[in-house]
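Participant: A single structure is presented below for examination.
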Amino acid sequence: MSDALLTYRGTIYPWHCDHVGHMNVMWYVGKFDEATWQFFNLLSLTPTFLRTQQRGMAAVDQHISYLQELHAGDVVAVRSALIEVKEKSIRFVHEMSNEESHEIVARTTLKAVHMDTQLRKSCAFPSFVATRAATLFGGGVPAQESR
């Protein structure tokens, strides 16, 4: 993922580990979730924008591959890249790496929908999201299109 951006850095603590001594799947999801909010922030879907405009983001599809175990004390990073932006949805990928070995330990692909929190329905992204995506990820990002 050459165009990926750093969206998370952290450490694996003993309480992240399960009874067999490696990080439990719930913590992978949690770290990926933190990376997601950093990713949205980079796309100008900031907490302030979401609150003031009565908007939200809802995950509608997620696929995770666990490639290597992580243990207490491991230092990790998540890098994220955009796959596509559509009128009301966005698809992106996160790769978690062990910062000591530089190996990819997990990968997740997500699809999220932009929501009107009052109507509880999907709604179109403002145009600045596609503009910001193009700025961050260059010409490889498809332009906004209808569903």
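Order determines the names: the first chain of the structure tokens is A, the second B, and so forth; residues in each chain are numbered 1 upward, and ligands are numbered 1 upward as they are shown.
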I'd like the contact shell of stretch 10-22 of chain A - 12 Å cut-off, only C-alpha atoms, skipping same-chain residues fewer than 5 positions apart - returned as a PDB file with C-alpha atoms, in the first residue's frame.
Facilitator:
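Printed below is selection29.pdb as written:
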ATOM      1  CA  TRP A  27      -8.496  -5.692  20.251  1.00  0.00           C
ATOM      2  CA  TYR A  28      -7.616  -5.905  16.545  1.00  0.00           C
ATOM      3  CA  VAL A  29     -11.097  -4.582  15.803  1.00  0.00           C
ATOM      4  CA  GLY A  30     -10.690  -1.839  18.421  1.00  0.00           C
ATOM      5  CA  LYS A  31      -7.358  -0.663  17.038  1.00  0.00           C
ATOM      6  CA  PHE A  32      -8.737  -0.739  13.500  1.00  0.00           C
ATOM      7  CA  GLU A  34      -9.392   3.964  16.162  1.00  0.00           C
ATOM      8  CA  ALA A  35      -7.557   4.049  12.829  1.00  0.00           C
ATOM      9  CA  TYR A  66      -5.344 -12.289  10.865  1.00  0.00           C
ATOM     10  CA  GLN A  68       0.404 -13.222  12.452  1.00  0.00           C
ATOM     11  CA  GLU A  69       0.052 -13.262  16.214  1.00  0.00           C
ATOM     12  CA  LEU A  70       0.810 -10.279  18.391  1.00  0.00           C
ATOM     13  CA  HIS A  71       1.969 -10.529  22.002  1.00  0.00           C
ATOM     14  CA  ALA A  72       2.235  -8.234  25.009  1.00  0.00           C
ATOM     15  CA  GLY A  73       4.935  -5.648  24.399  1.00  0.00           C
ATOM     16  CA  ASP A  74       4.644  -5.635  20.600  1.00  0.00           C
ATOM     17  CA  VAL A  75       4.479  -2.182  19.046  1.00  0.00           C
ATOM     18  CA  VAL A  76       2.057  -1.790  16.139  1.00  0.00           C
ATOM     19  CA  ALA A  77       1.018   0.717  13.522  1.00  0.00           C
ATOM     20  CA  VAL A  78      -1.964   0.874  11.182  1.00  0.00           C
ATOM     21  CA  MET A  96      -1.653  -3.423  10.878  1.00  0.00           C
ATOM     22  CA  SER A  97       2.080  -4.015  11.098  1.00  0.00           C
ATOM     23  CA  ASN A  98       4.486  -5.064  13.798  1.00  0.00           C
ATOM     24  CA  GLU A  99       6.759  -2.034  13.986  1.00  0.00           C
ATOM     25  CA  GLU A 100       9.779  -4.096  15.047  1.00  0.00           C
TER      26      GLU A 100
END
Participant: Please provide as a list in words all residues within 7 Å of stretch 54-57 of chain A, with the sequence filter that same-chain residues fewer than 3 positions apart are discarded (counting only C-alpha atoms).
Facilitator: Leu50, Arg51, Ala112, Val113, His114, Met115, Asp116, Thr117 and Gln118 of chain A
Participant: Since we have the selection now, will you write its residues out, keeping C-alpha atoms, as a CSV table (one decimal), in the first residue's frame?
Facilitator:
chain,number,residue,atom,x,y,z
A,50,LEU,CA,-20.3,15.2,12.1
A,51,ARG,CA,-21.8,16.7,15.3
A,112,ALA,CA,-19.0,2.7,5.6
A,113,VAL,CA,-22.1,4.7,4.8
A,114,HIS,CA,-22.5,8.5,5.4
A,115,MET,CA,-25.7,9.0,7.6
A,116,ASP,CA,-28.1,11.7,8.4
A,117,THR,CA,-28.4,11.1,12.2
A,118,GLN,CA,-31.8,12.8,12.4
Participant: Report as a PyMOL selection string all protein, DNA and RNA residues lying within 12 Å of stretch 133-136 of chain A, evaluated on only C-alpha atoms, omitting residues in the same chain fewer than 3 positions from it.
Facilitator: chain A and resi 3-6+39-45+80-86+90-92+125-130+139-144
Participant: Give me a file of those residues, with N, CA and C atoms, as a CSV table (one decimal), in the first residue's frame.
Facilitator:
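So result_25.csv came out as:
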chain,number,residue,atom,x,y,z
A,3,ASP,N,0.3,4.2,-1.1
A,3,ASP,CA,-0.3,5.5,-0.9
A,3,ASP,C,-1.0,5.5,0.5
A,4,ALA,N,-0.7,4.5,1.4
A,4,ALA,CA,-1.3,4.4,2.7
A,4,ALA,C,-0.8,5.5,3.6
A,5,LEU,N,-1.7,6.0,4.5
A,5,LEU,CA,-1.3,7.0,5.5
A,5,LEU,C,-1.3,6.3,6.9
A,6,LEU,N,-0.4,6.8,7.8
A,6,LEU,CA,-0.4,6.3,9.1
A,6,LEU,C,-1.6,6.8,9.9
A,39,PHE,N,-8.7,8.1,10.0
A,39,PHE,CA,-8.8,8.2,8.6
A,39,PHE,C,-9.9,9.1,8.1
A,40,PHE,N,-11.1,9.0,8.8
A,40,PHE,CA,-12.2,9.9,8.5
A,40,PHE,C,-11.8,11.4,8.8
A,41,ASN,N,-11.1,11.6,9.8
A,41,ASN,CA,-10.6,12.9,10.2
A,41,ASN,C,-9.8,13.5,9.1
A,42,LEU,N,-8.9,12.7,8.5
A,42,LEU,CA,-8.0,13.1,7.4
A,42,LEU,C,-8.8,13.5,6.2
A,43,LEU,N,-10.0,12.8,6.0
A,43,LEU,CA,-10.9,13.1,4.9
A,43,LEU,C,-11.8,14.3,5.2
A,44,SER,N,-11.6,15.0,6.3
A,44,SER,CA,-12.4,16.2,6.7
A,44,SER,C,-13.7,15.8,7.3
A,45,LEU,N,-13.9,14.5,7.5
A,45,LEU,CA,-15.1,14.0,8.3
A,45,LEU,C,-14.8,14.1,9.8
A,80,SER,N,-3.5,3.2,6.4
A,80,SER,CA,-4.8,3.1,5.7
A,80,SER,C,-4.8,3.7,4.3
A,81,ALA,N,-5.6,3.1,3.5
A,81,ALA,CA,-5.7,3.6,2.1
A,81,ALA,C,-7.1,3.5,1.6
A,82,LEU,N,-7.4,4.4,0.8
A,82,LEU,CA,-8.8,4.5,0.2
A,82,LEU,C,-8.9,3.6,-1.0
A,83,ILE,N,-10.0,2.9,-1.1
A,83,ILE,CA,-10.3,2.0,-2.2
A,83,ILE,C,-11.2,2.8,-3.2
A,84,GLU,N,-12.3,3.3,-2.6
A,84,GLU,CA,-13.3,4.1,-3.5
A,84,GLU,C,-14.2,5.0,-2.6
A,85,VAL,N,-14.6,6.1,-3.2
A,85,VAL,CA,-15.6,6.9,-2.7
A,85,VAL,C,-16.8,6.9,-3.6
A,86,LYS,N,-18.0,6.6,-3.1
A,86,LYS,CA,-19.2,6.7,-3.9
A,86,LYS,C,-20.0,7.9,-3.3
A,90,ILE,N,-18.1,4.7,1.3
A,90,ILE,CA,-16.6,4.8,1.2
A,90,ILE,C,-16.1,3.4,1.5
A,91,ARG,N,-15.1,2.9,0.7
A,91,ARG,CA,-14.4,1.6,1.0
A,91,ARG,C,-13.0,1.9,1.2
A,92,PHE,N,-12.4,1.3,2.2
A,92,PHE,CA,-11.0,1.5,2.5
A,92,PHE,C,-10.4,0.3,3.2
A,125,PHE,N,-22.3,12.4,0.6
A,125,PHE,CA,-21.1,13.1,1.2
A,125,PHE,C,-21.1,14.5,0.7
A,126,PRO,N,-20.6,15.5,1.5
A,126,PRO,CA,-20.4,16.8,0.9
A,126,PRO,C,-19.2,16.7,-0.1
A,127,SER,N,-19.2,17.6,-1.1
A,127,SER,CA,-18.2,17.5,-2.2
A,127,SER,C,-16.8,17.6,-1.7
A,128,PHE,N,-16.5,18.2,-0.5
A,128,PHE,CA,-15.2,18.3,0.0
A,128,PHE,C,-14.6,17.0,0.3
A,129,VAL,N,-15.3,15.9,0.6
A,129,VAL,CA,-14.8,14.6,0.9
A,129,VAL,C,-14.1,14.0,-0.3
A,130,ALA,N,-14.7,14.1,-1.5
A,130,ALA,CA,-14.0,13.6,-2.7
A,130,ALA,C,-12.8,14.4,-3.0
A,139,GLY,N,-4.7,10.4,-8.1
A,139,GLY,CA,-5.6,10.1,-9.2
A,139,GLY,C,-6.1,8.7,-9.1
A,140,GLY,N,-5.6,7.8,-8.2
A,140,GLY,CA,-6.1,6.5,-8.1
A,140,GLY,C,-7.5,6.3,-7.5
A,141,VAL,N,-8.0,7.4,-7.0
A,141,VAL,CA,-9.3,7.4,-6.4
A,141,VAL,C,-10.4,7.7,-7.4
A,142,PRO,N,-11.4,6.8,-7.5
A,142,PRO,CA,-12.5,7.0,-8.4
A,142,PRO,C,-13.3,8.3,-7.9
A,143,ALA,N,-13.8,9.0,-8.9
A,143,ALA,CA,-14.6,10.2,-8.5
A,143,ALA,C,-15.9,9.7,-7.9
A,144,GLN,N,-16.6,10.6,-7.1
A,144,GLN,CA,-17.8,10.3,-6.6
A,144,GLN,C,-18.8,9.9,-7.7
Participant: Quick one: DSSP strand (DSSP E or B) residues in stretch 81-134 of chain A, as a ChimeraX atom specification?
Facilitator: /A:81-85,89-98,104-116,121-122
Participant: The selected residues should be written to file as a compact mmCIF listing (two decimals), in the first residue's frame (atoms: N, CA and C atoms).
Facilitator:
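Listing of again-v4.txt after writing:
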# COMPACT_ATOMS: atom_id res chain seq x y z
N ALA A 81 -5.59 3.09 3.46
CA ALA A 81 -5.68 3.58 2.08
C ALA A 81 -7.13 3.52 1.62
N LEU A 82 -7.44 4.44 0.75
CA LEU A 82 -8.78 4.53 0.18
C LEU A 82 -8.91 3.58 -1.01
N ILE A 83 -10.01 2.86 -1.07
CA ILE A 83 -10.31 2.02 -2.22
C ILE A 83 -11.23 2.77 -3.17
N GLU A 84 -12.34 3.30 -2.64
CA GLU A 84 -13.25 4.08 -3.48
C GLU A 84 -14.17 4.96 -2.63
N VAL A 85 -14.59 6.05 -3.24
CA VAL A 85 -15.61 6.92 -2.65
C VAL A 85 -16.77 6.93 -3.63
N SER A 89 -21.16 6.26 0.17
CA SER A 89 -20.35 5.25 0.88
C SER A 89 -18.88 5.38 0.51
N ILE A 90 -18.08 4.75 1.34
CA ILE A 90 -16.63 4.77 1.18
C ILE A 90 -16.10 3.38 1.51
N ARG A 91 -15.13 2.91 0.72
CA ARG A 91 -14.45 1.64 1.02
C ARG A 91 -12.97 1.93 1.21
N PHE A 92 -12.39 1.30 2.22
CA PHE A 92 -10.99 1.54 2.54
C PHE A 92 -10.39 0.30 3.18
N VAL A 93 -9.07 0.30 3.27
CA VAL A 93 -8.34 -0.83 3.84
C VAL A 93 -7.38 -0.32 4.91
N HIS A 94 -7.26 -1.11 5.97
CA HIS A 94 -6.26 -0.87 7.01
C HIS A 94 -5.31 -2.06 7.03
N GLU A 95 -4.01 -1.79 7.15
CA GLU A 95 -3.03 -2.83 7.39
C GLU A 95 -2.32 -2.54 8.70
N MET A 96 -2.34 -3.53 9.60
CA MET A 96 -1.65 -3.42 10.88
C MET A 96 -0.30 -4.12 10.74
N SER A 97 0.75 -3.42 11.17
CA SER A 97 2.08 -4.01 11.10
C SER A 97 2.75 -4.03 12.46
N ASN A 98 3.62 -5.00 12.64
CA ASN A 98 4.49 -5.06 13.80
C ASN A 98 5.62 -4.10 13.49
N ILE A 104 3.30 -7.29 8.06
CA ILE A 104 1.86 -7.07 8.17
C ILE A 104 1.29 -8.21 9.02
N VAL A 105 0.57 -7.86 10.08
CA VAL A 105 0.02 -8.87 10.99
C VAL A 105 -1.49 -9.04 10.83
N ALA A 106 -2.16 -8.02 10.29
CA ALA A 106 -3.60 -8.12 10.07
C ALA A 106 -4.01 -7.08 9.03
N ARG A 107 -5.09 -7.40 8.34
CA ARG A 107 -5.62 -6.49 7.32
C ARG A 107 -7.14 -6.52 7.39
N THR A 108 -7.76 -5.36 7.25
CA THR A 108 -9.21 -5.30 7.21
C THR A 108 -9.65 -4.37 6.09
N THR A 109 -10.71 -4.77 5.43
CA THR A 109 -11.35 -3.94 4.41
C THR A 109 -12.73 -3.59 4.92
N LEU A 110 -13.07 -2.32 4.85
CA LEU A 110 -14.35 -1.85 5.39
C LEU A 110 -15.12 -1.04 4.37
N LYS A 111 -16.43 -1.07 4.52
CA LYS A 111 -17.32 -0.18 3.78
C LYS A 111 -18.15 0.56 4.82
N ALA A 112 -18.21 1.88 4.69
CA ALA A 112 -18.97 2.72 5.62
C ALA A 112 -19.91 3.61 4.82
N VAL A 113 -21.03 3.92 5.43
CA VAL A 113 -22.06 4.74 4.80
C VAL A 113 -22.20 6.04 5.59
N HIS A 114 -22.32 7.14 4.86
CA HIS A 114 -22.54 8.46 5.44
C HIS A 114 -24.02 8.57 5.80
N MET A 115 -24.31 8.98 7.04
CA MET A 115 -25.68 8.98 7.55
C MET A 115 -26.15 10.36 8.00
N ASP A 116 -27.43 10.60 7.78
CA ASP A 116 -28.12 11.72 8.41
C ASP A 116 -28.61 11.16 9.75
N LYS A 121 -30.97 7.79 7.96
CA LYS A 121 -30.89 7.31 6.59
C LYS A 121 -29.54 7.72 6.00
N SER A 122 -29.11 6.98 4.99
CA SER A 122 -27.89 7.35 4.30
C SER A 122 -28.10 8.66 3.54
Participant: For atom CA of A:Asp61 and atom CA of A:Phe137, determine how far apart the two atoms are, in Å to one decimal place.
Facilitator: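 Interatomic distance here is 21.9 Å.
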Participant: So what do you get for atom CA of A:Val25 versus atom CA of A:Met1, distance-wise?
Facilitator: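 If I compute the distance from atom CA of A:Val25 to atom CA of A:Met1, I get 23.0 Å.
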Participant: Out of chain A, which residues get helix (DSSP H, G or I) from DSSP, as an MDAnalysis selection string?
Facilitator: chainID A and resid 14:16 25:42 47:52 127:140
Participant: Provide the atom CA of A:Ala59 to atom CA of A:Glu103 distance in Å, to one decimal place.
Facilitator: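 These atoms are spaced 26.7 Å apart.
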Participant: Just checking: using only C-alpha atoms, which residue out of A:Thr46, A:Arg79, A:Thr52, A:Gly138 ends up closest to A:Tyr8?
Facilitator: A:Arg79
